[in-house]
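**Q** Take this structure first; my questions come after.
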Amino acid sequence: MQVTMSVNGEEVTKEIEGRLLLVHFIRDHLGLTGTHWGCDTSNCGTCVVWMDDEPVKSCTVLAAMAGGRTVRTVEGLEVDGVLDPVQQGFIECHGLQCGFCTPGMMMTARALLDENPNPSEEEIREAISGQICRCTGYSTIIRSIQWAAAKEAETPVTVGSAS
Amino acid sequence: MTAVEPDTAKPEGFVDNDEKPVGYGRMLRKEDPRFVRGLGKYCDDVELPGMLHLAILRSPFAHAKINGIDASAAQAHPKVKAVITGADLAEQGLAWMPTLSNDVQAVLATDKVRFQGQEVAFVVAEDRYSARDALELIEVDYEAIDPVIDVRKALDPDMPVIRDDLEDKTDNHCFDWETGDEEATNAVFDKADVVVSEDIVYPRVHPAPMETCGCVADVERVDGKLTLWSTTQAPHAHRTVYALVAGLPEHKIRVIAPDIGGGFGNKVPIYPGYVCAIVASLVIGKPVKWMEDRTENLVSTGFARDYIMRGEIAATKDGKILGIRTNVLADHGAFNGTAAPVKYPAGFFGVFTGSYDIEAAHCKMTAVYTNKAPGGMAYACSFRITEAVYLVERIVDCLAYELDMDPAELRLKNFIQPDQFPYESKTGWVYDSGDYEPTMRKAMDMAGYEELRREQAEKRERGELMGIGISFFTEAVGAGPRKDMDILGLGMADGCELRIHPTGKAVVRLSVKTQGQGHETTFAQIVAEEIGIPPADIDVVHGDTDNTPFGLGTYGSRSTPVSGAAAALVARKVRDKAQIIASGMLEVSVADLEWDKGSFHVKGDPSQSVTIADIAMKAHGAGDLPEGIEGGLEAQICYNPDNLTYPFGAYICVVDIDPGTAEVKVRRFIAVDDCGTQINPMIIEGQVHGGLADGVGMALMEMIAFDEDGNCLGGSLMDYLIPTAMEVPDWETGHTVTPSPHHPIGAKGIGESATVGSPPAIVNAVVDALKPYNVRHADMPLTPSRVWEAMQGTLQPPI
Ligand code: FES
Ligand code: FES
């Protein structure tokens with residue numbers, strides 16, 4: 001079947017199998033390998049992308065279901081060569097080690113801050129609770145997101161949409 | 001408003017690296033800019049023209065004879081290029097491969113399957129979905145055999161023999177091992193006022209890195225060279241093993257470990273899947289990718305622990321510990337896949353005497369085969385130290401319980417004293433340096449220990465369950481001296497090469513490989529500190545056997561102790577040569593020069609100086625160099641450590657237990673670590689945090705369990721629970737610094753201290769909380785149901 005969607009602001013059309021998962025579509029068909037895959041049961045969250053501004057686990061969505069929708073991946077966070085404050089926060093606060101969970105964590109963090117610019121520690125923990133990081137123990141991820149929130153409060157930035 | 005606390009982001013006592021010209025300090029990681037952009041290159045991101053996909057058929061049975069395999073339907077699948085069975089591999093002599101413990105393991109089963117999830121056949125197809133479709137088309141005729149699952153019964157005379165592939169094997173015995181002095185230990189136990197015994201289980205757990213294992217094998221058709229992109233923590237060791245097993249000449253093998261999504265020991269062994277992919281590429285002449293799924297990772301790759309320990313401790317009535325002895329029954333699964341130096345079948349379990357000065361110790365261990373996945377590697381620890389530390393820190397708490405003594409006081413009373421270092425333990429381990437009491441006191445201060453105890457007493461009055469758990473651990477990391485330590489005959493040394501380019505920039509090449517530890521940053525810092533070139537100007541190359549010197553890789557916290565030493569020493573070697581060239585440039589003798597982190601100047605006249613960049617240009621440029629000096633500015637060394645390094649730490653955990661649901665909440669966790677000289681405190685803190693979360697997982701949630709038929713009950717992340725941000729507290733970390741006397745920069749390993757030290761602190765806290773129920777011990781994982789049973793007095797061991 002044929003599927004058309006917007007990915008990071010660009011329209012793509014591909015011939016696919018109906019059973020193809022969105023995560024494999026993004027990785028194997030579009031070559032956007034920043035989105036990862038880590039489990040068979042929707043538990044790890046390394047695959048989180050946005051579908052119409054909502055974070056989703058792309059291993060649990062068929063590519064066909066994303067037809068006609070807007071998808072944003074980690075590759076779409078940096079705009080015109082400027083890192084999103086969330087990306088910068090992860091660097092500043094050592095929010096990553098192996099980097100495997102990081103794209104998914106950052107996509108969730110970006111969505112959280114768009115909705116709630118000043119989340120509490122508890123709200124951040126809740127937001128990333130569907131995602132696993134085996135390396136950091138989470139404190140530095142939380143600090144990274146707090147860093148981004150603080151940064152944005154200082155210098156409001158226009159982020160949060162794929163276009 | 002949300003503030004980023006400078007204190008937590010920047011540990012005490014350290015300036016930012018960019019406030020100093022070179023070297024150690026908090027420096028942001030050089031690898032992060034690619035990762036935050038999604039531009040990391042992990043194994044599954046490798047995409048080659050014409051690449052095919054491999055999927056493995058695995059056994060549903062724990063123990064069964066294979067009567068036959070019919071692969072014809074799979075072969076007929078239009079997108080399938082090959083189906084290979086054990087019989088096919090046997091024809092090439094490739095059906096079996098050596099494990100890291102000199103045992104053998106089936107690549108694909110030929111005679112019978114020995115654990116659920118064992119590799120039986122593989123399919124190579126045009127895409128990953130078709131490869132998996134074709135697995136469904138393979139018919140295997142299995143004949144079930146009674147499995148050996150209960151480790152306690154594995155040596156019973158009527159048990160089926162799992163390893164009938166081994167000549168004359170008539171039982172399921174794997175090995176016996178012993179350390180310490182039995183007679184002396186029995187003597188101190190006989191004279192002791194108090195002897196406490198406890199059965200302590202460390203259940204089977206799995207490292208479960210977020211990236212599963214896999215590889216891409218590409219055999220060049222013309223010159224036969226194999227390039228293997230592989231999730232390996234030890235690329236050089238793997239290459240040599242492939243050369244020995246597959247008979248490929250070693251110079252025709254290039255192993256590339258690209259970015260790795262966490263290892264924790266899981267990516268040390270060679271798995272059948274890697275060998276299958278190599279065979280497939282050889283046979284088909286195309287690149288072949290194999291990536292396991294999560295279930296495959298959990299059910300078939302290296303597990304950790306699985307020790308059933310009887311711990312005994314002898315002491316005087318006022319709390320002086322005299323001796324420790326233990327009997328261990330170790331479950332090694334179907335093949336002995338333990339990754340440990342050859343002379344250490346039980347790894348470094350011998351450090352079970354912990355941080356205490358005692359009179360005698362003894363350990364007897366029996367290891368057995370069962371119908372479970374092979375493994376027994378170190379999951380974020382230096383070879384079985386996690387089990388040893390858990391045993392001693394648990395049994396010391398049991399002693400405190402019996403003596404009705406504060407567990408902190410009991411530990412303080414028995415520590416090895418600073419003037420006793422280097423300290424030879426009663427099992428023969430020479431602890432390089434330590435000063436335990438200040439570390440312990442610091443943790444107690446940070447925790448507000450006295451206040452916590454007061455709070456606990458008040459809460460107990462009200463029937464609330466609050467527990468405070470302590471552990472004090474000493475690790476032995478940085479394997480290891482080649483006189484004692486090798487893996488499959490390969491000495492545990494590491495090479496390092498440093499080249500200064502003509503313009504004063506540098507490249508350093510390592511034999512070790514990061515899986516997230518930040519080598520690209522810390523190794524640049526180590527070299528920067530020695531040679532005076534900013535870390536930003538030093539490129540770190542690693543994880544590619546064609547482009548790095550030989551060495552044994554990253555596991556057991558050995559990168560800084562071994563490879564870090566190599567990096568410092570190779571930089572000093574280059575600096576020595578630079579000094580000779582500088583003496584020629586400044587026309588003074590070598591002895592008249594002083595080093596100034598980045599330049600040499602004439603003693604007494606700082607205006608007369610040359611920088612490393614000046615010297616590098618001279619070394620590569622025109623004109624004469626001093627007598628006997630070759631051009632260029634580079635060096636290579638291979639570092640063989642004199643001893644292991646012995647990092648230590650004091651951990652305090654505070655838990656609250658809901659008396660209605662028995663749910664444990666880790667309220668606070670204080671970790672004070674001493675890893676000697678600190679290179680990058682930000683990275684050290686991160687390593688500690690990660691290990692603490694692992695500890696929460698093992699203590700409260702994680703276990704690979706089996707039913708009586710040998711079905712693995714932990715085969716997905718829905719069943720094998722890993723902590724999320726909801727189950728862990730905000731960590732409170734601190735440090736002390738006791739340098740290693742034998743390491744060139746005084747550093748010790750840190751990567752795994754917290755995984756080792758935290759489980760006993762958490763379990764001790766839970767048991768402490770349950771004191772009103774007269775609980776002295778409760779085995780992990782302390783899930784609500786198990787804690788509830790402990791409260792009812794009905795808790796059984798988990799295996
Ligand atoms: S891959 Fe694990 S949740 Fe999607
Ligand atoms: S950084 Fe490795 S899993 Fe999160």
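FYI, nothing fancy with the structure tokens labels: chains A, B, ... in order, residues from 1 per chain, ligands from 1 as they appear.
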Please identify every residue of chain B that has at least one atom no farther than 10 Å from an atom of ligand 2, counting only C-alpha atoms and all ligand atoms, and for each give the shortest atom pair and the distance in Å to one decimal, arranged by chain then increasing number, as a Markdown table.
**A**
```
| residue | atom | partner | partner_atom_place_in_ligand_line | distance |
| --- | --- | --- | --- | --- |
| B:Phe35 | CA | ligand 2 | 1 (S) | 9.6 |
| B:Ala208 | CA | ligand 2 | 3 (S) | 9.9 |
| B:Pro209 | CA | ligand 2 | 3 (S) | 7.0 |
| B:Met210 | CA | ligand 2 | 3 (S) | 5.3 |
| B:Glu211 | CA | ligand 2 | 3 (S) | 7.9 |
| B:Ile260 | CA | ligand 2 | 2 (Fe) | 8.8 |
| B:Gly261 | CA | ligand 2 | 2 (Fe) | 5.8 |
| B:Gly262 | CA | ligand 2 | 2 (Fe) | 5.5 |
| B:Gly263 | CA | ligand 2 | 2 (Fe) | 9.1 |
| B:Gln515 | CA | ligand 2 | 2 (Fe) | 8.3 |
| B:Gly516 | CA | ligand 2 | 2 (Fe) | 6.4 |
| B:Gln517 | CA | ligand 2 | 2 (Fe) | 9.4 |
| B:Gly686 | CA | ligand 2 | 1 (S) | 9.9 |
| B:Gly690 | CA | ligand 2 | 2 (Fe) | 9.0 |
```
**Q** Just the selected residues (C-alpha atoms), exported as a compact mmCIF listing (two decimals), in the first residue's frame, please.
**A**
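What follows is the written file selection01.txt:
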```
# COMPACT_ATOMS: atom_id res chain seq x y z
CA PHE B 35 23.77 11.77 20.33
CA ALA B 208 19.30 -5.79 29.74
CA PRO B 209 21.02 -2.87 28.04
CA MET B 210 18.54 -0.73 26.12
CA GLU B 211 20.16 -1.75 22.86
CA ILE B 260 26.88 0.91 21.84
CA GLY B 261 23.58 1.37 23.64
CA GLY B 262 24.76 0.16 27.03
CA GLY B 263 26.67 -3.01 27.80
CA GLN B 515 29.26 1.79 25.91
CA GLY B 516 28.21 5.12 27.38
CA GLN B 517 30.96 5.73 29.92
CA GLY B 686 26.59 9.84 36.27
CA GLY B 690 23.18 4.61 36.92
```
**Q** List all protein, DNA and RNA residues that have an atom no more than 7 Å from any atom of ligand 1, counting only C-alpha atoms and all ligand atoms, and report them as a list of chain:residue names.
**A** A:His36, A:Trp37, A:Gly38, A:Cys39, A:Asp40, A:Thr41, A:Ser42, A:Asn43, A:Cys44, A:Gly45, A:Thr46, A:Cys47, A:Val48, A:Lys57, A:Ser58, A:Cys59, A:Thr60
**Q** Could you write out as an mmCIF file with N, CA and C atoms, in the first residue's frame the residues of chain A within 7 Å of chain B, counting only C-alpha atoms?
**A**
```
data_model
loop_
_atom_site.group_PDB
_atom_site.id
_atom_site.type_symbol
_atom_site.label_atom_id
_atom_site.label_comp_id
_atom_site.auth_asym_id
_atom_site.auth_seq_id
_atom_site.Cartn_x
_atom_site.Cartn_y
_atom_site.Cartn_z
ATOM 1 N N THR A 33 17.728 7.266 11.671
ATOM 2 C CA THR A 33 18.053 6.239 12.664
ATOM 3 C C THR A 33 18.193 6.804 14.083
ATOM 4 N N GLY A 34 17.849 8.063 14.255
ATOM 5 C CA GLY A 34 17.871 8.619 15.611
ATOM 6 C C GLY A 34 16.783 8.017 16.494
ATOM 7 N N GLY A 38 13.808 -0.803 21.288
ATOM 8 C CA GLY A 38 14.433 -1.497 22.418
ATOM 9 C C GLY A 38 13.632 -2.608 23.065
ATOM 10 N N CYS A 39 12.394 -2.844 22.609
ATOM 11 C CA CYS A 39 11.638 -3.930 23.243
ATOM 12 C C CYS A 39 10.543 -4.405 22.299
ATOM 13 N N ASP A 40 9.858 -5.491 22.726
ATOM 14 C CA ASP A 40 8.786 -6.048 21.902
ATOM 15 C C ASP A 40 7.432 -5.760 22.520
ATOM 16 N N THR A 41 7.410 -5.022 23.627
ATOM 17 C CA THR A 41 6.171 -4.967 24.415
ATOM 18 C C THR A 41 5.742 -3.544 24.789
ATOM 19 N N ASN A 43 7.318 -1.207 26.262
ATOM 20 C CA ASN A 43 7.707 -0.827 27.611
ATOM 21 C C ASN A 43 8.864 0.155 27.701
ATOM 22 N N VAL A 74 13.482 12.936 16.471
ATOM 23 C CA VAL A 74 14.603 13.645 17.106
ATOM 24 C C VAL A 74 15.369 14.502 16.090
ATOM 25 N N GLU A 75 15.414 14.023 14.856
ATOM 26 C CA GLU A 75 16.140 14.781 13.830
ATOM 27 C C GLU A 75 15.470 16.126 13.562
ATOM 28 N N GLN A 87 17.687 19.662 23.961
ATOM 29 C CA GLN A 87 18.944 19.017 23.533
ATOM 30 C C GLN A 87 20.123 19.617 24.281
ATOM 31 N N ILE A 91 22.924 17.954 27.174
ATOM 32 C CA ILE A 91 24.388 18.074 27.122
ATOM 33 C C ILE A 91 24.902 18.707 28.419
ATOM 34 N N GLU A 92 24.254 19.802 28.825
ATOM 35 C CA GLU A 92 24.745 20.571 29.985
ATOM 36 C C GLU A 92 24.677 19.776 31.289
ATOM 37 N N CYS A 93 23.636 18.976 31.423
ATOM 38 C CA CYS A 93 23.400 18.305 32.713
ATOM 39 C C CYS A 93 23.713 16.813 32.671
ATOM 40 N N GLN A 97 24.143 8.938 28.663
ATOM 41 C CA GLN A 97 25.417 8.225 28.676
ATOM 42 C C GLN A 97 25.581 7.471 27.360
ATOM 43 N N CYS A 98 24.881 6.336 27.215
ATOM 44 C CA CYS A 98 25.029 5.621 25.947
ATOM 45 C C CYS A 98 24.235 6.291 24.840
ATOM 46 N N GLY A 99 23.260 7.103 25.207
ATOM 47 C CA GLY A 99 22.503 7.860 24.216
ATOM 48 C C GLY A 99 21.365 7.102 23.564
ATOM 49 N N PHE A 100 21.154 5.859 23.976
ATOM 50 C CA PHE A 100 20.168 5.056 23.258
ATOM 51 C C PHE A 100 18.734 5.462 23.598
ATOM 52 N N THR A 102 17.974 8.404 24.691
ATOM 53 C CA THR A 102 17.942 9.869 24.691
ATOM 54 C C THR A 102 16.955 10.483 23.696
ATOM 55 N N PRO A 103 16.935 10.039 22.441
ATOM 56 C CA PRO A 103 15.981 10.655 21.516
ATOM 57 C C PRO A 103 14.538 10.555 22.015
ATOM 58 N N ASN A 118 6.764 24.879 33.187
ATOM 59 C CA ASN A 118 7.486 24.863 34.451
ATOM 60 C C ASN A 118 7.094 23.641 35.277
ATOM 61 N N ARG A 125 9.017 13.280 36.283
ATOM 62 C CA ARG A 125 9.125 11.822 36.480
ATOM 63 C C ARG A 125 7.920 11.106 35.867
ATOM 64 N N GLU A 126 6.764 11.657 36.115
ATOM 65 C CA GLU A 126 5.533 11.080 35.576
ATOM 66 C C GLU A 126 5.588 11.059 34.040
ATOM 67 N N ILE A 128 8.067 10.952 31.990
ATOM 68 C CA ILE A 128 8.994 9.996 31.358
ATOM 69 C C ILE A 128 8.829 8.585 31.932
ATOM 70 N N SER A 129 7.748 8.350 32.656
ATOM 71 C CA SER A 129 7.629 7.066 33.352
ATOM 72 C C SER A 129 7.371 5.895 32.415
ATOM 73 N N GLN A 131 9.212 5.323 29.926
ATOM 74 C CA GLN A 131 10.471 5.147 29.203
ATOM 75 C C GLN A 131 11.554 4.664 30.153
ATOM 76 N N ILE A 132 12.448 3.837 29.635
ATOM 77 C CA ILE A 132 13.498 3.291 30.489
ATOM 78 C C ILE A 132 14.853 3.828 30.063
ATOM 79 N N ARG A 134 18.715 2.839 31.147
ATOM 80 C CA ARG A 134 19.482 1.879 31.935
ATOM 81 C C ARG A 134 20.786 2.497 32.449
ATOM 82 N N CYS A 135 21.124 3.696 31.963
ATOM 83 C CA CYS A 135 22.446 4.258 32.279
ATOM 84 C C CYS A 135 22.446 5.338 33.349
ATOM 85 N N THR A 136 21.483 6.243 33.313
ATOM 86 C CA THR A 136 21.642 7.493 34.081
ATOM 87 C C THR A 136 21.008 7.498 35.460
ATOM 88 N N GLY A 137 20.091 6.588 35.743
ATOM 89 C CA GLY A 137 19.397 6.650 37.031
ATOM 90 C C GLY A 137 18.410 7.807 37.108
ATOM 91 N N TYR A 138 18.180 8.467 35.994
ATOM 92 C CA TYR A 138 17.122 9.480 35.772
ATOM 93 C C TYR A 138 17.361 10.878 36.358
ATOM 94 N N SER A 139 18.114 11.016 37.450
ATOM 95 C CA SER A 139 18.249 12.350 38.062
ATOM 96 C C SER A 139 18.791 13.373 37.076
ATOM 97 N N ARG A 143 17.199 16.841 35.670
ATOM 98 C CA ARG A 143 17.921 18.123 35.689
ATOM 99 C C ARG A 143 18.001 18.733 34.290
ATOM 100 N N GLN A 146 14.782 20.272 33.507
ATOM 101 C CA GLN A 146 14.652 21.500 34.310
ATOM 102 C C GLN A 146 15.533 22.612 33.729
ATOM 103 N N TRP A 147 16.695 22.222 33.253
ATOM 104 C CA TRP A 147 17.609 23.201 32.641
ATOM 105 C C TRP A 147 16.929 23.855 31.441
ATOM 106 N N ALA A 150 14.203 26.212 32.564
ATOM 107 C CA ALA A 150 14.769 27.458 33.083
ATOM 108 C C ALA A 150 15.267 28.329 31.940
#
```
**Q** Taking the chain letters and numbering used in this document, name the residues of stretch 74-188 of chain B that DSSP puts in helix (DSSP H, G or I), as a ChimeraX atom specification.
**A** /B:74-76,86-91,128-135,151-153,182-188
**Q** Pick out each residue of stretch 235-298 of chain B that DSSP on the backbone tags as strand (DSSP E or B); I need them as an mmCIF file with all heavy atoms, in the first residue's frame.
**A**
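Now in states_36.cif:
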```
data_model
loop_
_atom_site.group_PDB
_atom_site.id
_atom_site.type_symbol
_atom_site.label_atom_id
_atom_site.label_comp_id
_atom_site.auth_asym_id
_atom_site.auth_seq_id
_atom_site.Cartn_x
_atom_site.Cartn_y
_atom_site.Cartn_z
ATOM 1 N N ILE B 253 40.346 -10.038 9.573
ATOM 2 C CA ILE B 253 39.146 -9.753 10.370
ATOM 3 C C ILE B 253 39.266 -8.345 10.935
ATOM 4 O O ILE B 253 40.275 -8.002 11.548
ATOM 5 C CB ILE B 253 39.002 -10.724 11.556
ATOM 6 C CG1 ILE B 253 39.062 -12.179 11.092
ATOM 7 C CG2 ILE B 253 37.686 -10.454 12.301
ATOM 8 C CD1 ILE B 253 39.085 -13.183 12.233
ATOM 9 N N ARG B 254 38.250 -7.565 10.716
ATOM 10 C CA ARG B 254 38.199 -6.233 11.323
ATOM 11 C C ARG B 254 36.910 -6.152 12.133
ATOM 12 O O ARG B 254 35.818 -6.261 11.573
ATOM 13 C CB ARG B 254 38.204 -5.169 10.229
ATOM 14 C CG ARG B 254 38.056 -3.753 10.768
ATOM 15 C CD ARG B 254 37.987 -2.779 9.606
ATOM 16 N NE ARG B 254 37.951 -1.409 10.078
ATOM 17 C CZ ARG B 254 37.778 -0.350 9.283
ATOM 18 N NH1 ARG B 254 37.642 -0.523 7.975
ATOM 19 N NH2 ARG B 254 37.739 0.866 9.784
ATOM 20 N N VAL B 255 37.052 -5.995 13.437
ATOM 21 C CA VAL B 255 35.860 -5.853 14.283
ATOM 22 C C VAL B 255 35.680 -4.372 14.604
ATOM 23 O O VAL B 255 36.604 -3.712 15.083
ATOM 24 C CB VAL B 255 35.990 -6.673 15.586
ATOM 25 C CG1 VAL B 255 34.783 -6.426 16.495
ATOM 26 C CG2 VAL B 255 36.110 -8.159 15.267
ATOM 27 N N ILE B 256 34.502 -3.879 14.302
ATOM 28 C CA ILE B 256 34.189 -2.491 14.619
ATOM 29 C C ILE B 256 33.057 -2.482 15.637
ATOM 30 O O ILE B 256 31.984 -3.030 15.375
ATOM 31 C CB ILE B 256 33.741 -1.708 13.363
ATOM 32 C CG1 ILE B 256 34.866 -1.682 12.326
ATOM 33 C CG2 ILE B 256 33.312 -0.281 13.734
ATOM 34 C CD1 ILE B 256 34.463 -1.029 10.998
ATOM 35 N N ASP B 259 28.817 2.893 18.032
ATOM 36 C CA ASP B 259 28.210 3.338 19.279
ATOM 37 C C ASP B 259 27.432 2.168 19.878
ATOM 38 O O ASP B 259 26.773 1.416 19.154
ATOM 39 C CB ASP B 259 27.274 4.523 19.020
ATOM 40 C CG ASP B 259 28.056 5.792 18.718
ATOM 41 O OD1 ASP B 259 29.145 5.974 19.309
ATOM 42 O OD2 ASP B 259 27.600 6.598 17.880
ATOM 43 N N VAL B 288 25.339 -9.310 6.011
ATOM 44 C CA VAL B 288 24.201 -9.879 6.731
ATOM 45 C C VAL B 288 24.078 -9.212 8.098
ATOM 46 O O VAL B 288 25.043 -9.132 8.843
ATOM 47 C CB VAL B 288 24.378 -11.407 6.909
ATOM 48 C CG1 VAL B 288 23.273 -11.982 7.792
ATOM 49 C CG2 VAL B 288 24.390 -12.106 5.561
ATOM 50 N N LYS B 289 22.845 -8.763 8.385
ATOM 51 C CA LYS B 289 22.589 -8.141 9.698
ATOM 52 C C LYS B 289 21.782 -9.070 10.588
ATOM 53 O O LYS B 289 20.806 -9.666 10.155
ATOM 54 C CB LYS B 289 21.806 -6.826 9.518
ATOM 55 C CG LYS B 289 21.482 -6.126 10.846
ATOM 56 C CD LYS B 289 20.593 -4.901 10.669
ATOM 57 C CE LYS B 289 21.409 -3.675 10.270
ATOM 58 N NZ LYS B 289 20.564 -2.460 10.182
ATOM 59 N N TRP B 290 22.244 -9.182 11.843
ATOM 60 C CA TRP B 290 21.456 -9.894 12.853
ATOM 61 C C TRP B 290 21.258 -8.963 14.050
ATOM 62 O O TRP B 290 22.227 -8.456 14.601
ATOM 63 C CB TRP B 290 22.182 -11.161 13.319
ATOM 64 C CG TRP B 290 21.601 -11.744 14.578
ATOM 65 C CD1 TRP B 290 20.378 -12.296 14.705
ATOM 66 C CD2 TRP B 290 22.219 -11.799 15.880
ATOM 67 N NE1 TRP B 290 20.178 -12.703 16.017
ATOM 68 C CE2 TRP B 290 21.292 -12.418 16.750
ATOM 69 C CE3 TRP B 290 23.457 -11.421 16.386
ATOM 70 C CZ2 TRP B 290 21.560 -12.635 18.097
ATOM 71 C CZ3 TRP B 290 23.728 -11.633 17.728
ATOM 72 C CH2 TRP B 290 22.793 -12.236 18.571
ATOM 73 N N MET B 291 20.008 -8.690 14.378
ATOM 74 C CA MET B 291 19.705 -7.943 15.612
ATOM 75 C C MET B 291 18.677 -8.753 16.368
ATOM 76 O O MET B 291 17.606 -9.053 15.849
ATOM 77 C CB MET B 291 19.097 -6.564 15.303
ATOM 78 C CG MET B 291 20.045 -5.460 14.890
ATOM 79 S SD MET B 291 21.481 -5.112 15.936
ATOM 80 C CE MET B 291 20.764 -4.609 17.477
#
```
**Q** If you count only C-alpha atoms, which residues fall within 8 Å of stretch 214-224 of chain B, apart from same-chain ones fewer than 2 positions away, as JSON, numbers by chain?
**A** {"B": [43, 44, 46, 212, 226, 227, 228, 229, 230, 231, 252, 273, 274, 277, 278, 281, 282, 285, 286, 287, 288, 289, 290, 291, 292]}
**Q** Residues as selected, N, CA and C atoms, written as a compact mmCIF listing (two decimals), in the first residue's frame, can you do that?
**A**
```txt
# COMPACT_ATOMS: atom_id res chain seq x y z
N CYS B 43 24.73 -0.30 16.05
CA CYS B 43 24.84 -1.44 15.13
C CYS B 43 23.66 -1.52 14.16
N ASP B 44 22.45 -1.36 14.68
CA ASP B 44 21.28 -1.51 13.81
C ASP B 44 21.17 -0.34 12.82
N VAL B 46 23.67 0.51 10.94
CA VAL B 46 24.58 0.21 9.82
C VAL B 46 23.75 -0.36 8.68
N THR B 212 19.75 -4.08 22.26
CA THR B 212 20.01 -5.52 22.34
C THR B 212 21.30 -5.84 21.58
N LEU B 226 36.82 -10.03 6.42
CA LEU B 226 35.56 -9.89 7.16
C LEU B 226 35.57 -8.58 7.94
N THR B 227 34.55 -7.76 7.73
CA THR B 227 34.33 -6.62 8.62
C THR B 227 33.08 -6.92 9.42
N LEU B 228 33.22 -6.84 10.74
CA LEU B 228 32.10 -7.16 11.61
C LEU B 228 31.78 -5.97 12.51
N TRP B 229 30.65 -5.30 12.20
CA TRP B 229 30.16 -4.28 13.13
C TRP B 229 29.41 -5.03 14.20
N SER B 230 29.79 -4.83 15.43
CA SER B 230 29.25 -5.73 16.44
C SER B 230 29.08 -5.02 17.77
N THR B 231 28.03 -5.42 18.51
CA THR B 231 27.81 -4.85 19.84
C THR B 231 28.75 -5.55 20.80
N LYS B 252 42.67 -10.72 8.44
CA LYS B 252 41.53 -10.60 7.53
C LYS B 252 40.23 -10.40 8.31
N GLY B 273 24.68 -15.85 17.64
CA GLY B 273 24.19 -14.99 16.56
C GLY B 273 25.30 -14.33 15.76
N TYR B 274 26.38 -13.92 16.44
CA TYR B 274 27.50 -13.29 15.72
C TYR B 274 28.12 -14.29 14.74
N ALA B 277 25.93 -14.93 11.74
CA ALA B 277 25.97 -13.85 10.75
C ALA B 277 27.26 -13.93 9.92
N ILE B 278 28.36 -14.27 10.58
CA ILE B 278 29.63 -14.40 9.84
C ILE B 278 29.52 -15.54 8.83
N SER B 281 27.33 -14.56 5.88
CA SER B 281 27.96 -13.66 4.92
C SER B 281 29.00 -14.40 4.08
N LEU B 282 29.71 -15.32 4.73
CA LEU B 282 30.70 -16.13 4.00
C LEU B 282 30.02 -16.98 2.92
N GLY B 285 27.87 -14.40 0.48
CA GLY B 285 28.67 -13.38 -0.20
C GLY B 285 28.04 -12.00 -0.17
N LYS B 286 27.16 -11.78 0.79
CA LYS B 286 26.52 -10.46 0.94
C LYS B 286 26.63 -10.05 2.41
N PRO B 287 26.53 -8.75 2.69
CA PRO B 287 26.49 -8.36 4.11
C PRO B 287 25.21 -8.87 4.77
N VAL B 288 25.34 -9.31 6.01
CA VAL B 288 24.20 -9.88 6.73
C VAL B 288 24.08 -9.21 8.10
N LYS B 289 22.85 -8.76 8.38
CA LYS B 289 22.59 -8.14 9.70
C LYS B 289 21.78 -9.07 10.59
N TRP B 290 22.24 -9.18 11.84
CA TRP B 290 21.46 -9.89 12.85
C TRP B 290 21.26 -8.96 14.05
N MET B 291 20.01 -8.69 14.38
CA MET B 291 19.71 -7.94 15.61
C MET B 291 18.68 -8.75 16.37
N GLU B 292 19.01 -9.11 17.59
CA GLU B 292 18.04 -9.90 18.36
C GLU B 292 16.92 -8.99 18.85
```
**Q** Need the shell around B:Met466: protein/DNA/RNA residues with any atom at most 7 Å away, counting only C-alpha atoms. Skip same-chain ones fewer than 3 positions apart. Format as a count of residues only?
**A** 5
**Q** Kindly indicate which residue among B:Ile704, B:Val756, B:Asp150, B:Pro659 lies nearest to B:Trp788, using only C-alpha atoms for the distances.
**A**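 With only C-alpha atoms as the atom set, the closest residue is B:Pro659.
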**Q** Please compute the atom CA of B:Ile313-atom CA of B:Val430 distance, one decimal, in Å.
**A**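 Those two atoms sit 21.7 Å apart.
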**Q** My list of candidates is B:Asp435, B:Glu450, B:Asp419, B:Glu178. Which is closest to B:His362 when distances are computed with only C-alpha atoms?
**A**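 Answer, going by the shortest atom-to-atom distance: B:Glu178.
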**Q** Give me, as an MDAnalysis selection string, all polymer residues having an atom no more than 9 Å from A:Arg110, counting only C-alpha atoms and skipping those fewer than 2 positions away in the same chain.
**A** chainID A and resid 77 84:86 105:108 112:115 145 159:160
**Q** From the set B:Ser599, B:Thr326, B:Thr427, B:Asn640, which residue has the shortest atom-to-atom contact distance to B:Asn186, counting only C-alpha atoms?
**A**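 Between B:Ser599, B:Thr326, B:Thr427, B:Asn640, the residue approaching B:Asn186 most closely is B:Thr326.
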**Q** Please list as a list of chain:residue names every residue within 10 Å of B:Leu633, counting only C-alpha atoms and excluding residues in the same chain fewer than 4 positions away.
**A**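 In the requested form, the answer reads B:Leu498, B:Arg499, B:Ile500, B:His501, B:Pro502, B:Gly504, B:Ala506, B:Lys573, B:Val574, B:Arg575, B:Lys577, B:Ala578, B:Ile581, B:Ile612, B:Ile615, B:Ala616, B:Met617, B:Lys618, B:Ala619, B:His620.
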